[in-house]
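Chemist: So here's start.cif (mmCIF, C-alpha atoms).
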```cif
data_query
#
loop_
_atom_site.label_atom_id
_atom_site.label_comp_id
_atom_site.auth_asym_id
_atom_site.auth_seq_id
_atom_site.Cartn_x
_atom_site.Cartn_y
_atom_site.Cartn_z
CA MET X 3 -2.06 -19.30 12.82
CA ILE X 4 1.70 -19.31 13.39
CA GLY X 5 2.12 -19.89 9.65
CA THR X 6 0.03 -16.80 8.85
CA ILE X 7 2.00 -14.65 11.29
CA LEU X 8 5.31 -15.89 9.91
CA GLN X 9 4.16 -15.38 6.31
CA ASN X 10 3.06 -11.80 7.02
CA LEU X 11 6.27 -11.04 8.93
CA LEU X 12 8.38 -12.26 6.02
CA ARG X 13 6.22 -10.29 3.57
CA PHE X 14 6.66 -7.16 5.70
CA LEU X 15 10.44 -7.56 5.87
CA LEU X 16 10.73 -8.25 2.13
CA LEU X 17 8.56 -5.29 1.10
CA VAL X 18 10.32 -2.88 3.46
CA PHE X 19 13.68 -4.11 2.16
CA ILE X 20 12.58 -3.57 -1.46
CA GLN X 21 11.22 -0.12 -0.63
CA VAL X 22 14.16 1.14 1.42
CA PHE X 23 17.13 -0.42 -0.31
CA ILE X 24 15.94 -0.55 -3.93
CA LEU X 25 13.05 1.81 -4.75
CA ASN X 26 14.14 4.68 -2.51
CA GLN X 27 17.67 4.49 -3.93
CA ILE X 28 16.67 4.94 -7.57
CA THR X 29 17.65 8.37 -8.83
CA LEU X 30 16.18 9.57 -12.09
CA PRO X 31 17.46 12.60 -14.02
CA GLY X 32 15.95 16.02 -13.49
CA ASN X 33 12.88 16.46 -11.34
CA VAL X 34 11.40 13.07 -12.28
CA ASN X 35 11.92 11.58 -8.79
CA ALA X 36 9.44 14.10 -7.40
CA TYR X 37 6.71 12.56 -9.57
CA ILE X 38 7.59 8.87 -9.82
CA ASN X 39 7.90 7.44 -6.34
CA PRO X 40 6.36 3.96 -6.10
CA ASN X 41 5.54 2.75 -2.59
CA ILE X 42 5.28 -1.03 -2.78
CA TYR X 43 5.55 -1.48 1.00
CA ILE X 44 1.81 -0.73 1.38
CA LEU X 45 1.08 -4.09 -0.28
CA PHE X 46 1.75 -5.58 3.16
CA LEU X 47 -1.32 -3.80 4.54
CA PHE X 48 -3.46 -4.75 1.55
CA MET X 49 -2.71 -8.45 1.93
CA LEU X 50 -3.37 -8.80 5.66
CA PRO X 51 -6.10 -11.34 6.47
CA ILE X 52 -9.67 -10.24 5.78
CA ASN X 53 -10.81 -10.98 9.34
CA ILE X 54 -8.01 -9.08 11.11
CA ASN X 55 -8.92 -7.20 14.26
CA LYS X 56 -9.32 -3.47 13.49
CA GLN X 57 -7.09 -2.38 16.36
CA LEU X 58 -4.37 -4.78 15.20
CA LEU X 59 -4.77 -3.48 11.64
CA LEU X 60 -4.23 0.09 12.84
CA LEU X 61 -1.23 -0.93 14.95
CA LEU X 62 0.35 -2.77 12.01
CA SER X 63 -0.43 0.18 9.72
CA PHE X 64 1.34 2.53 12.10
CA ILE X 65 4.35 0.23 12.49
CA CYS X 66 4.60 -0.25 8.73
CA GLY X 67 4.54 3.49 8.01
CA LEU X 68 6.83 4.31 10.93
CA THR X 69 9.39 1.79 9.69
CA ILE X 70 9.55 3.54 6.32
CA ASP X 71 9.66 6.93 8.09
CA VAL X 72 12.69 5.83 10.11
CA PHE X 73 14.60 4.75 7.01
CA SER X 74 13.45 7.71 4.90
CA SER X 75 13.63 10.48 7.53
CA THR X 76 10.12 11.63 6.68
CA ALA X 77 8.89 12.49 10.19
CA GLY X 78 5.64 10.53 10.36
CA MET X 79 4.32 11.19 6.86
CA HIS X 80 4.23 7.50 5.90
CA ALA X 81 2.84 6.52 9.31
CA SER X 82 -0.02 8.99 8.87
CA ALA X 83 -0.79 7.83 5.33
CA CYS X 84 -0.68 4.17 6.39
CA LEU X 85 -2.97 4.84 9.36
CA PHE X 86 -5.41 6.50 6.99
CA ILE X 87 -5.56 3.50 4.66
CA GLY X 88 -5.75 1.26 7.75
CA LEU X 89 -8.89 3.16 8.69
CA MET X 90 -10.32 3.00 5.16
CA ARG X 91 -9.51 -0.66 4.42
CA PRO X 92 -12.35 -2.35 6.39
CA GLY X 93 -14.99 -0.12 4.79
CA LEU X 94 -13.57 -0.69 1.32
CA VAL X 95 -13.48 -4.46 1.89
CA ASN X 96 -17.17 -4.29 2.86
CA LEU X 97 -17.95 -2.29 -0.30
CA ILE X 98 -16.24 -4.71 -2.68
CA MET X 99 -17.52 -7.78 -0.86
CA PRO X 100 -20.12 -9.87 -2.69
CA ARG X 101 -23.62 -9.99 -1.19
CA ASP X 102 -23.04 -13.37 0.41
CA GLY X 103 -19.66 -12.17 1.73
CA TYR X 104 -16.21 -13.68 1.58
CA GLU X 105 -15.05 -16.70 3.49
CA ASN X 106 -12.58 -15.91 6.25
CA THR X 107 -9.95 -17.90 4.35
CA VAL X 108 -10.04 -15.76 1.19
CA GLU X 109 -6.81 -13.87 0.57
CA LEU X 110 -6.93 -10.25 -0.54
CA THR X 111 -4.68 -11.03 -3.49
CA LEU X 112 -5.07 -11.13 -7.26
CA PRO X 113 -5.93 -14.85 -7.36
CA GLY X 114 -8.15 -14.56 -4.27
CA LEU X 115 -10.25 -11.63 -5.48
CA GLY X 116 -9.96 -11.78 -9.24
CA PHE X 117 -8.41 -9.06 -11.39
CA ARG X 118 -11.31 -6.57 -11.45
CA THR X 119 -12.01 -6.61 -7.71
CA PHE X 120 -8.31 -6.67 -6.82
CA PHE X 121 -7.64 -3.69 -9.10
CA ILE X 122 -10.51 -1.67 -7.61
CA TYR X 123 -9.38 -2.56 -4.08
CA THR X 124 -5.70 -1.76 -4.57
CA SER X 125 -6.12 1.29 -6.79
CA THR X 126 -8.50 2.92 -4.31
CA LEU X 127 -6.17 2.36 -1.36
CA VAL X 128 -3.06 3.34 -3.33
CA VAL X 129 -4.59 6.64 -4.49
CA LEU X 130 -5.82 7.40 -0.96
CA HIS X 131 -2.39 6.63 0.49
CA HIS X 132 -0.54 8.74 -2.05
CA PHE X 133 -2.98 11.65 -1.74
CA VAL X 134 -2.59 11.79 2.05
CA LEU X 135 1.19 11.29 1.83
CA TYR X 136 1.77 14.07 -0.70
CA LEU X 137 -0.78 16.39 0.91
CA ILE X 138 1.07 16.11 4.22
CA GLU X 139 4.35 16.68 2.42
CA ALA X 140 3.08 19.78 0.60
CA PHE X 141 0.99 20.93 3.59
CA ASN X 142 -1.11 23.23 1.38
CA PHE X 143 -3.38 23.31 -1.64
CA LEU X 144 -1.53 26.10 -3.47
CA ASN X 145 -0.09 23.77 -6.10
CA PHE X 146 -3.07 21.41 -6.24
CA GLY X 147 -2.42 20.51 -9.89
CA ASP X 148 1.14 19.50 -9.06
CA LEU X 149 -0.12 17.50 -6.08
CA LEU X 150 -2.64 15.63 -8.25
CA LEU X 151 0.00 14.94 -10.90
CA ARG X 152 2.32 13.46 -8.28
CA VAL X 153 -0.50 11.35 -6.86
CA ILE X 154 -1.55 10.03 -10.27
CA ILE X 155 1.93 9.24 -11.59
CA SER X 156 3.16 7.65 -8.35
CA SER X 157 -0.09 5.69 -8.03
CA ILE X 158 0.30 4.30 -11.55
CA ALA X 159 3.90 3.27 -10.80
CA THR X 160 2.87 1.68 -7.50
CA LEU X 161 -0.07 -0.18 -9.08
CA PHE X 162 2.20 -1.46 -11.83
CA LEU X 163 4.68 -2.87 -9.28
CA ILE X 164 1.92 -4.36 -7.10
CA THR X 165 0.26 -6.05 -10.08
CA LEU X 166 3.61 -7.29 -11.35
CA SER X 167 4.45 -8.75 -7.94
CA GLN X 168 1.07 -10.47 -7.81
CA LEU X 169 1.53 -11.94 -11.29
CA LEU X 170 5.03 -13.17 -10.41
CA THR X 171 3.84 -14.89 -7.24
CA LEU X 172 0.80 -16.26 -9.08
CA ARG X 173 3.05 -18.30 -11.34
CA LYS X 174 4.78 -19.83 -8.30
CA ARG X 175 1.48 -20.97 -6.82
#
```
For this file, produce the structure as structure tokens.
Modeler:
Amino acid sequence: MIGTILQNLLRFLLLVFIQVFILNQITLPGNVNAYINPNIYILFLFMLPININKQLLLLLSFICGLTIDVFSSTAGMHASACLFIGLMRPGLVNLIMPRDGYENTVELTLPGLGFRTFFIYTSTLVVLHHFVLYLIEAFNFLNFGDLLLRVIISSIATLFLITLSQLLTLRKR
């Protein structure tokens, strides 16, 4: 149990570091940064144990989003989006779960779920996170096409980085 807590704490710190000090510092020419904004820190929430208490999941979701908000000066936008995926995650896990269920020891990772299930799981949560995040940022539906474009492009970039990170850690295992 202590090993799991320590592993998740280190994962959280590493992903927040990558998000805040690397991904958020990348500046692309023109207006490209408005559309390509990968958020790899949410991988922390995706990889939490399958049998985590729902209240603890929501607390960790809030803390994760609030940490990014503090470093990004985004006034609760990330916390709200993370809380939303924290609410959606248990239902999604139940939907993708096989009929006989998962063992409590299965990890919600690429090797633990397999590529197809992992991709469905992560892509659904990433798109939900980005939609809520950019909807809160825009705070209206006037430019809905622009909102959808931002969600799609940022989701693709985020999914690419999440899959790449999973493949890199897969080789180490």
Chemist: So what do you get for CA of Leu8 in chain X versus CA of Pro51 in chain X, distance-wise?
Modeler: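 CA of Pro51 in chain X lies at a distance of 12.8 Å from CA of Leu8 in chain X.
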Chemist: Write out as a PyMOL selection string which residues come within 12 Å of Phe19 in chain X when counting only C-alpha atoms, dropping same-chain ones fewer than 3 positions away.
Modeler: chain X and resi 12-16+22-27+41-43+66+69-70+73
Chemist: For Ile98 in chain X, find every residue with an atom within 12 Å (counting all atoms listed in the file), except residues of its own chain fewer than 5 positions away, and show them as an mmCIF file with C-alpha atoms, in the coordinates of the input.
Modeler:
```
data_model
loop_
_atom_site.group_PDB
_atom_site.id
_atom_site.type_symbol
_atom_site.label_atom_id
_atom_site.label_comp_id
_atom_site.auth_asym_id
_atom_site.auth_seq_id
_atom_site.Cartn_x
_atom_site.Cartn_y
_atom_site.Cartn_z
ATOM 1 C CA ARG X 91 -9.510 -0.660 4.420
ATOM 2 C CA PRO X 92 -12.350 -2.350 6.390
ATOM 3 C CA GLY X 93 -14.990 -0.120 4.790
ATOM 4 C CA GLY X 103 -19.660 -12.170 1.730
ATOM 5 C CA TYR X 104 -16.210 -13.680 1.580
ATOM 6 C CA LEU X 110 -6.930 -10.250 -0.540
ATOM 7 C CA LEU X 115 -10.250 -11.630 -5.480
ATOM 8 C CA GLY X 116 -9.960 -11.780 -9.240
ATOM 9 C CA ARG X 118 -11.310 -6.570 -11.450
ATOM 10 C CA THR X 119 -12.010 -6.610 -7.710
ATOM 11 C CA PHE X 120 -8.310 -6.670 -6.820
ATOM 12 C CA PHE X 121 -7.640 -3.690 -9.100
ATOM 13 C CA ILE X 122 -10.510 -1.670 -7.610
ATOM 14 C CA TYR X 123 -9.380 -2.560 -4.080
ATOM 15 C CA THR X 124 -5.700 -1.760 -4.570
ATOM 16 C CA THR X 126 -8.500 2.920 -4.310
#
```
Chemist: Ala36 in chain X: which residues within 10 Å, counting all atoms listed in the file, same-chain residues fewer than 2 positions away excluded, as an NGL selection string?
Modeler: :X and (30 or 32-34 or 38-39 or 152 or 155-156)
Chemist: Which residue gives the smallest distance to Leu17 in chain X among X:Ile164, X:Lys56, X:Leu135, X:Ser157, with only C-alpha atoms counted?
Modeler: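 Among the listed residues, the smallest separation from Leu17 in chain X belongs to X:Ile164.
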Chemist: Taking all atoms listed in the file into account, which of X:Leu62, X:Gln168, X:Ile158, X:Thr111 comes nearest Met49 in chain X?
Modeler: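 Among the listed residues, X:Thr111 lies closest to Met49 in chain X.
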Chemist: Just how far from CA of Ala77 in chain X is CA of Ser63 in chain X, in Å to one decimal?
Modeler: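 Straight-line distance from CA of Ser63 in chain X to CA of Ala77 in chain X works out to 15.4 Å.
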Chemist: Tell me which of X:Leu127, X:Ile138, X:Ala81, X:Leu89 sits closest to Leu58 in chain X, counting all atoms listed in the file.
Modeler: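 Checking each of X:Leu127, X:Ile138, X:Ala81, X:Leu89 against Leu58 in chain X, counting all atoms listed in the file, the winner is X:Leu89.
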